[in-house]
file query.cif (mmCIF, C-alpha atoms and all ligand atoms)
data_final
#
loop_
_atom_site.label_atom_id
_atom_site.label_comp_id
_atom_site.auth_asym_id
_atom_site.auth_seq_id
_atom_site.Cartn_x
_atom_site.Cartn_y
_atom_site.Cartn_z
CA MET A 1 0.00 0.00 0.00
CA SER A 2 1.34 3.40 -0.86
CA ARG A 3 1.85 6.24 1.57
CA GLU A 4 -0.48 8.60 -0.34
CA ASN A 5 -3.33 6.13 -0.21
CA TRP A 6 -3.18 6.00 3.54
CA ILE A 7 -3.19 9.78 3.99
CA GLY A 8 -6.91 9.99 3.24
CA LEU A 9 -7.53 7.35 5.88
CA LEU A 10 -5.42 9.05 8.53
CA PRO A 11 -8.32 10.64 10.45
CA PHE A 12 -9.95 7.23 10.75
CA TYR A 13 -6.71 5.63 11.80
CA LEU A 14 -6.17 8.25 14.49
CA LEU A 15 -9.70 7.67 15.73
CA VAL A 16 -8.97 3.98 16.08
CA VAL A 17 -5.87 4.75 18.12
CA VAL A 18 -7.86 7.10 20.35
CA LEU A 19 -10.55 4.45 20.64
CA LEU A 20 -8.10 1.75 21.66
CA LEU A 21 -6.21 3.92 24.13
CA GLY A 22 -9.48 5.21 25.52
CA ALA A 23 -10.91 1.73 25.85
CA ALA A 24 -7.78 0.51 27.61
CA GLN A 25 -7.53 3.41 30.03
CA LEU A 26 -11.10 4.48 30.59
CA GLY A 27 -12.99 1.26 30.00
CA SER A 28 -15.44 0.71 27.17
CA ASP A 29 -18.32 2.39 29.05
CA ALA A 30 -16.36 5.63 29.00
CA VAL A 31 -15.73 5.26 25.27
CA THR A 32 -19.44 4.72 24.74
CA ALA A 33 -20.14 7.86 26.75
CA ILE A 34 -17.67 9.85 24.64
CA ALA A 35 -19.22 8.48 21.46
CA ASP A 36 -22.73 9.30 22.69
CA ALA A 37 -21.64 12.89 23.19
CA GLN A 38 -20.73 13.25 19.49
CA PRO A 39 -23.15 15.23 17.33
CA VAL A 40 -25.14 12.95 15.03
CA ARG A 41 -23.28 12.91 11.75
CA SER A 42 -25.99 11.91 9.29
CA ASN A 43 -29.63 10.88 9.21
CA HIS A 44 -28.63 7.36 8.13
CA THR A 45 -28.70 4.42 10.46
CA ILE A 46 -25.80 2.13 9.69
CA ILE A 47 -26.93 -1.44 10.30
CA ILE A 48 -23.94 -3.67 10.95
CA ASP A 49 -24.60 -7.31 10.24
CA ALA A 50 -22.04 -9.80 11.53
CA GLY A 51 -22.82 -12.69 9.19
CA HIS A 52 -23.89 -16.08 10.61
CA GLY A 53 -23.66 -16.77 14.38
CA GLY A 54 -24.97 -19.29 16.90
CA VAL A 55 -26.09 -22.51 15.21
CA ASP A 56 -24.65 -21.21 11.92
CA GLY A 57 -20.89 -20.80 12.15
CA GLY A 58 -20.45 -20.04 8.44
CA ALA A 59 -17.16 -21.12 6.87
CA THR A 60 -14.26 -22.61 8.84
CA SER A 61 -10.78 -21.16 8.35
CA CYS A 62 -7.63 -23.13 7.55
CA THR A 63 -6.70 -23.00 11.25
CA GLY A 64 -10.19 -23.97 12.41
CA VAL A 65 -11.60 -20.53 13.28
CA LEU A 66 -15.29 -20.02 12.54
CA GLU A 67 -16.25 -17.28 10.11
CA SER A 68 -19.05 -16.16 12.47
CA GLN A 69 -16.44 -15.25 15.13
CA LEU A 70 -14.27 -13.16 12.81
CA ASN A 71 -17.36 -11.47 11.39
CA LEU A 72 -18.42 -10.49 14.89
CA GLN A 73 -14.97 -9.19 15.91
CA ILE A 74 -14.81 -6.97 12.82
CA ALA A 75 -18.43 -5.85 13.21
CA LEU A 76 -17.88 -4.80 16.83
CA ARG A 77 -14.78 -2.80 15.88
CA LEU A 78 -16.67 -1.13 13.05
CA ASP A 79 -19.53 -0.30 15.40
CA ASP A 80 -17.16 1.43 17.86
CA LEU A 81 -15.46 3.36 15.08
CA LEU A 82 -18.70 4.53 13.42
CA HIS A 83 -20.13 5.43 16.80
CA LEU A 84 -17.11 7.63 17.52
CA LEU A 85 -17.52 9.26 14.11
CA GLY A 86 -21.03 10.24 15.16
CA TYR A 87 -23.09 7.66 13.27
CA ARG A 88 -26.23 6.08 14.58
CA THR A 89 -25.62 2.33 14.33
CA LEU A 90 -27.63 -0.80 14.86
CA MET A 91 -25.93 -4.17 15.36
CA ILE A 92 -27.90 -7.22 14.17
CA ARG A 93 -26.03 -9.27 16.78
CA ARG A 94 -23.42 -8.46 19.43
CA ASP A 95 -22.88 -12.04 20.60
CA ASP A 96 -22.40 -15.50 19.15
CA ILE A 97 -26.08 -15.97 18.49
CA SER A 98 -28.44 -16.65 15.64
CA VAL A 99 -31.34 -14.17 15.43
CA TYR A 100 -34.09 -16.63 14.47
CA THR A 101 -37.56 -16.19 15.94
CA GLU A 102 -38.95 -19.63 15.05
CA GLY A 103 -37.97 -23.08 13.79
CA GLU A 104 -37.12 -26.52 15.16
CA THR A 105 -34.40 -27.75 12.85
CA ILE A 106 -31.15 -25.92 12.08
CA ALA A 107 -32.34 -25.35 8.50
CA GLN A 108 -35.59 -23.76 9.74
CA LYS A 109 -33.69 -21.63 12.23
CA LYS A 110 -31.32 -20.42 9.48
CA ILE A 111 -34.28 -19.36 7.32
CA SER A 112 -35.94 -17.58 10.23
CA ASP A 113 -32.62 -15.89 11.08
CA LEU A 114 -32.23 -14.48 7.55
CA LYS A 115 -35.86 -13.32 7.46
CA GLU A 116 -35.32 -11.52 10.75
CA ARG A 117 -32.22 -9.75 9.39
CA VAL A 118 -34.22 -8.66 6.33
CA ARG A 119 -37.06 -7.44 8.56
CA ILE A 120 -34.68 -5.34 10.68
CA VAL A 121 -33.16 -3.69 7.59
CA ASN A 122 -36.45 -3.05 5.80
CA THR A 123 -38.14 -1.56 8.86
CA THR A 124 -35.28 0.84 9.70
CA GLU A 125 -35.60 4.34 8.29
CA ASN A 126 -32.66 5.53 6.14
CA ALA A 127 -30.89 2.23 6.67
CA VAL A 128 -27.51 1.46 5.18
CA LEU A 129 -26.66 -2.21 5.64
CA ILE A 130 -23.06 -3.30 6.03
CA SER A 131 -22.94 -7.09 6.10
CA ILE A 132 -19.61 -8.60 7.16
CA HIS A 133 -18.55 -12.00 5.83
CA GLN A 134 -15.42 -14.00 4.99
CA ASN A 135 -14.77 -15.93 1.81
CA THR A 136 -13.33 -19.38 1.26
CA PHE A 137 -12.26 -21.39 -1.79
CA SER A 138 -10.87 -24.82 -2.59
CA ASP A 139 -7.70 -23.28 -4.07
CA ASN A 140 -5.84 -21.60 -1.19
CA ARG A 141 -3.97 -19.17 -3.46
CA TYR A 142 -7.03 -16.95 -3.88
CA GLY A 143 -7.21 -13.87 -1.68
CA GLY A 144 -8.52 -10.32 -1.38
CA ALA A 145 -11.64 -8.56 -0.21
CA GLN A 146 -14.67 -8.16 -2.46
CA VAL A 147 -17.78 -6.05 -2.08
CA PHE A 148 -21.25 -7.13 -3.25
CA TYR A 149 -24.21 -4.79 -3.51
CA ALA A 150 -27.99 -4.93 -3.22
CA ASN A 151 -30.33 -3.98 -6.02
CA THR A 152 -30.27 -0.18 -5.75
CA GLU A 153 -28.13 2.45 -7.43
CA GLN A 154 -26.97 3.78 -4.06
CA SER A 155 -25.86 0.30 -3.03
CA ARG A 156 -23.76 0.05 -6.18
CA GLU A 157 -22.27 3.49 -5.49
CA LEU A 158 -21.28 2.62 -1.93
CA ALA A 159 -19.83 -0.72 -3.07
CA GLN A 160 -17.76 1.00 -5.72
CA ILE A 161 -16.35 3.55 -3.27
CA LEU A 162 -15.40 0.80 -0.84
CA GLN A 163 -13.96 -1.62 -3.41
CA GLU A 164 -11.77 1.10 -4.90
CA SER A 165 -10.58 2.09 -1.46
CA ILE A 166 -9.79 -1.54 -0.58
CA VAL A 167 -7.78 -1.99 -3.77
CA THR A 168 -5.70 1.13 -3.09
CA THR A 169 -5.07 0.38 0.59
CA VAL A 170 -5.32 -3.07 2.19
CA ASN A 171 -5.24 -5.11 -1.05
CA SER A 172 -2.91 -3.11 -3.26
CA GLY A 173 -2.52 -4.77 -6.65
CA SER A 174 -5.83 -6.62 -6.39
CA ASN A 175 -7.97 -6.56 -9.53
CA ARG A 176 -11.18 -7.47 -7.73
CA ARG A 177 -14.24 -5.40 -8.59
CA CYS A 178 -17.50 -4.97 -6.77
CA LYS A 179 -20.36 -7.11 -8.02
CA LYS A 180 -24.11 -7.26 -7.69
CA ALA A 181 -25.01 -9.86 -5.05
CA GLU A 182 -26.70 -12.71 -6.88
CA GLY A 183 -28.26 -15.56 -4.95
CA VAL A 184 -27.69 -13.98 -1.51
CA TYR A 185 -31.09 -13.99 0.21
CA LEU A 186 -30.45 -11.03 2.51
CA MET A 187 -29.14 -8.84 -0.29
CA LYS A 188 -31.96 -9.77 -2.64
CA GLN A 189 -34.70 -9.13 -0.11
CA ILE A 190 -33.64 -5.77 1.28
CA GLU A 191 -35.19 -2.63 -0.15
CA LYS A 192 -32.53 -0.30 1.25
CA THR A 193 -28.94 0.62 0.54
CA GLY A 194 -26.84 -2.40 1.38
CA ILE A 195 -23.48 -3.99 0.74
CA LEU A 196 -21.91 -7.29 1.75
CA ILE A 197 -18.15 -7.40 2.27
CA GLU A 198 -16.25 -10.63 1.90
CA CYS A 199 -13.26 -9.35 3.88
CA GLY A 200 -10.86 -12.01 2.65
CA PHE A 201 -10.28 -15.73 2.11
CA LEU A 202 -10.16 -17.98 5.16
CA SER A 203 -8.70 -20.66 2.90
CA ASN A 204 -5.57 -18.57 2.19
CA PRO A 205 -3.12 -19.07 5.13
CA THR A 206 -1.48 -15.64 4.79
CA GLU A 207 -4.76 -13.77 4.55
CA GLU A 208 -6.37 -15.88 7.27
CA ALA A 209 -3.60 -14.89 9.69
CA LEU A 210 -4.15 -11.23 8.80
CA LEU A 211 -7.92 -11.50 9.22
CA ARG A 212 -7.40 -12.88 12.74
CA SER A 213 -5.07 -10.00 13.72
CA ASP A 214 -6.22 -6.90 15.59
CA ALA A 215 -4.17 -4.59 13.35
CA TYR A 216 -5.61 -5.89 10.08
CA GLN A 217 -9.16 -5.90 11.42
CA MET A 218 -8.67 -2.25 12.39
CA LYS A 219 -7.31 -1.36 8.97
CA LEU A 220 -10.32 -2.98 7.33
CA CYS A 221 -12.67 -1.08 9.62
CA CYS A 222 -10.89 2.21 8.82
CA VAL A 223 -11.35 1.57 5.10
CA ILE A 224 -15.02 0.61 5.55
CA ALA A 225 -15.76 3.60 7.81
CA SER A 226 -14.02 5.96 5.41
CA ALA A 227 -16.11 4.66 2.49
CA ILE A 228 -19.32 5.04 4.53
CA SER A 229 -18.32 8.59 5.39
CA ASN A 230 -17.62 9.44 1.71
CA PHE A 231 -20.95 7.94 0.76
CA THR A 232 -23.17 9.54 3.40
CA ASP A 233 -21.53 12.96 2.99
CA LYS A 234 -22.66 12.86 -0.67
CA ALA A 235 -26.01 11.12 -0.22
ZN ZN B 1 -20.55 -15.85 5.27
#
call {"tool": "encode", "arguments": {"input": "query.cif", "output": "structure tokens"}}
result
Amino acid sequence: MSRENWIGLLPFYLLVVVLLLGAAQLGSDAVTAIADAQPVRSNHTIIIDAGHGGVDGGATSCTGVLESQLNLQIALRLDDLLHLLGYRTLMIRRDDISVYTEGETIAQKKISDLKERVRIVNTTENAVLISIHQNTFSDNRYGGAQVFYANTEQSRELAQILQESIVTTVNSGSNRRCKKAEGVYLMKQIEKTGILIECGFLSNPTEEALLRSDAYQMKLCCVIASAISNFTDKA
């Protein structure tokens, strides 16, 4: 990644440092209090969806870590960062749980869980959905983050901003482009702005180690928060 590309992300990076120092010294309640004192930055509600959870672990990494856990770690970091930037956020889950409301079998619970996520997004005013996932593939050479978007022009715009930012920062040299989400229930059913980020490949040992690290998770969150900020400032 080049020096110039990181300059635009500097304010977000500094915020993360403040957040971490604050959390360590003051405790997370104090950080929440500081964040609550921020003026509201936009009329959007950023819905952060940590993919999978509970009975549905998602993919398993090459060292045996569940996708649902990494999704949640990244989602919680993103929530703190956006909160400090003055965004109203809504987390679909904050624990290792599935958000189903009915069902006996795992399959039924998974369907109910997805329907509940859709319901939350579609009933939230000015919602912008950020769904966090991890990729996996049979060939462990594949790597890089990719952004998928829901069926609205604004979703495509946000995805493009984020994908370009990813390619110039955390995945320099990547030729991945954002794509319309095909065959992803949540993304097809929402009627709001929404993107799904496959943060990287859990099948690629180098990338998997990065995705488990605090520093890389923070970098990803800086890039995501910066893209959200570019998007909502224009929207
Ligand atoms: Zn997933």
call {"tool": "residues_around", "arguments": {"input": "query.cif", "residues": "Ala209 in chain A", "least_positions_apart": "5", "cutoff": "10 Å", "atoms": "all atoms listed in the file", "output": "PDB file with C-alpha atoms, keeping the file's coordinate frame"}}
result
ATOM      1  CA  SER A  61     -10.780 -21.160   8.350  1.00  0.00           C
ATOM      2  CA  CYS A  62      -7.630 -23.130   7.550  1.00  0.00           C
ATOM      3  CA  THR A  63      -6.700 -23.000  11.250  1.00  0.00           C
ATOM      4  CA  LEU A 202     -10.160 -17.980   5.160  1.00  0.00           C
ATOM      5  CA  ASN A 204      -5.570 -18.570   2.190  1.00  0.00           C
ATOM      6  CA  TYR A 216      -5.610  -5.890  10.080  1.00  0.00           C
TER       7      TYR A 216
END
call {"tool": "residues_near_ligand", "arguments": {"input": "query.cif", "ligand": "ligand ZN 1 (chain B)", "cutoff": "6 Å", "atoms": "all atoms listed in the file", "output": "count of residues only"}}
result
4
call {"tool": "residues_around", "arguments": {"input": "query.cif", "residues": "Lys234 in chain A", "least_positions_apart": "2", "cutoff": "12 Å", "atoms": "all atoms listed in the file", "output": "list in words"}}
result
Ser42, His44, Gln154, Glu157, Leu158, Ile161, Ala227, Ile228, Ser229, Asn230, Phe231 and Thr232 of chain A
call {"tool": "atom_distance", "arguments": {"input": "query.cif", "atom1": "CA of Thr168 in chain A", "atom2": "CA of Ser138 in chain A"}}
result
26.5 Å
call {"tool": "atom_distance", "arguments": {"input": "query.cif", "atom1": "CA of Ser68 in chain A", "atom2": "CA of His52 in chain A"}}
result
5.2 Å
call {"tool": "atom_distance", "arguments": {"input": "query.cif", "atom1": "CA of Glu116 in chain A", "atom2": "CA of Phe201 in chain A"}}
result
26.8 Å
call {"tool": "residues_around", "arguments": {"input": "query.cif", "residues": "Val167 in chain A", "least_positions_apart": "3", "cutoff": "9 Å", "atoms": "only C-alpha atoms", "output": "PDB file with C-alpha atoms, in the coordinates of the input"}}
result
ATOM      1  CA  MET A   1       0.000   0.000   0.000  1.00  0.00           C
ATOM      2  CA  GLY A 144      -8.520 -10.320  -1.380  1.00  0.00           C
ATOM      3  CA  ALA A 145     -11.640  -8.560  -0.210  1.00  0.00           C
ATOM      4  CA  LEU A 162     -15.400   0.800  -0.840  1.00  0.00           C
ATOM      5  CA  GLN A 163     -13.960  -1.620  -3.410  1.00  0.00           C
ATOM      6  CA  GLU A 164     -11.770   1.100  -4.900  1.00  0.00           C
ATOM      7  CA  VAL A 170      -5.320  -3.070   2.190  1.00  0.00           C
ATOM      8  CA  ASN A 171      -5.240  -5.110  -1.050  1.00  0.00           C
ATOM      9  CA  SER A 172      -2.910  -3.110  -3.260  1.00  0.00           C
ATOM     10  CA  GLY A 173      -2.520  -4.770  -6.650  1.00  0.00           C
ATOM     11  CA  SER A 174      -5.830  -6.620  -6.390  1.00  0.00           C
ATOM     12  CA  ASN A 175      -7.970  -6.560  -9.530  1.00  0.00           C
ATOM     13  CA  ARG A 176     -11.180  -7.470  -7.730  1.00  0.00           C
ATOM     14  CA  ARG A 177     -14.240  -5.400  -8.590  1.00  0.00           C
TER      15      ARG A 177
END
call {"tool": "axis_aligned_box", "arguments": {"input": "query.cif", "around": "range 150-157 of chain A", "padding_each_side": "3 Å", "output": "AutoDock Vina command-line options"}}
result
--center_x -26.3 --center_y -0.6 --center_z -5.2 --size_x 14.1 --size_y 14.7 --size_z 10.4
call {"tool": "build_atoms", "arguments": {"input": "query.cif", "residues": "range 193-204 of chain A", "atoms": "N, CA and C atoms", "output": "PDB file, keeping the file's coordinate frame"}}
result
ATOM      1  N   THR A 193     -30.338   0.655   0.948  1.00  0.00           N
ATOM      2  CA  THR A 193     -28.940   0.620   0.540  1.00  0.00           C
ATOM      3  C   THR A 193     -28.247  -0.483   1.332  1.00  0.00           C
ATOM      4  N   GLY A 194     -27.507  -1.331   0.638  1.00  0.00           N
ATOM      5  CA  GLY A 194     -26.840  -2.400   1.380  1.00  0.00           C
ATOM      6  C   GLY A 194     -25.669  -2.986   0.605  1.00  0.00           C
ATOM      7  N   ILE A 195     -24.615  -3.305   1.340  1.00  0.00           N
ATOM      8  CA  ILE A 195     -23.480  -3.990   0.740  1.00  0.00           C
ATOM      9  C   ILE A 195     -23.061  -5.149   1.643  1.00  0.00           C
ATOM     10  N   LEU A 196     -22.452  -6.148   1.016  1.00  0.00           N
ATOM     11  CA  LEU A 196     -21.910  -7.290   1.750  1.00  0.00           C
ATOM     12  C   LEU A 196     -20.416  -7.337   1.430  1.00  0.00           C
ATOM     13  N   ILE A 197     -19.596  -7.372   2.475  1.00  0.00           N
ATOM     14  CA  ILE A 197     -18.150  -7.400   2.270  1.00  0.00           C
ATOM     15  C   ILE A 197     -17.612  -8.767   2.620  1.00  0.00           C
ATOM     16  N   GLU A 198     -17.016  -9.408   1.631  1.00  0.00           N
ATOM     17  CA  GLU A 198     -16.250 -10.630   1.900  1.00  0.00           C
ATOM     18  C   GLU A 198     -14.848 -10.108   2.192  1.00  0.00           C
ATOM     19  N   CYS A 199     -14.482 -10.065   3.476  1.00  0.00           N
ATOM     20  CA  CYS A 199     -13.260  -9.350   3.880  1.00  0.00           C
ATOM     21  C   CYS A 199     -11.982 -10.014   3.386  1.00  0.00           C
ATOM     22  N   GLY A 200     -12.045 -11.301   3.115  1.00  0.00           N
ATOM     23  CA  GLY A 200     -10.860 -12.010   2.650  1.00  0.00           C
ATOM     24  C   GLY A 200     -11.137 -13.495   2.633  1.00  0.00           C
ATOM     25  N   PHE A 201     -10.098 -14.272   2.254  1.00  0.00           N
ATOM     26  CA  PHE A 201     -10.280 -15.730   2.110  1.00  0.00           C
ATOM     27  C   PHE A 201      -9.696 -16.474   3.315  1.00  0.00           C
ATOM     28  N   LEU A 202     -10.589 -17.186   4.000  1.00  0.00           N
ATOM     29  CA  LEU A 202     -10.160 -17.980   5.160  1.00  0.00           C
ATOM     30  C   LEU A 202      -9.400 -19.221   4.732  1.00  0.00           C
ATOM     31  N   SER A 203      -9.424 -19.503   3.439  1.00  0.00           N
ATOM     32  CA  SER A 203      -8.700 -20.660   2.900  1.00  0.00           C
ATOM     33  C   SER A 203      -7.250 -20.310   2.549  1.00  0.00           C
ATOM     34  N   ASN A 204      -6.927 -19.020   2.524  1.00  0.00           N
ATOM     35  CA  ASN A 204      -5.570 -18.570   2.190  1.00  0.00           C
ATOM     36  C   ASN A 204      -4.800 -18.331   3.506  1.00  0.00           C
TER      37      ASN A 204
END
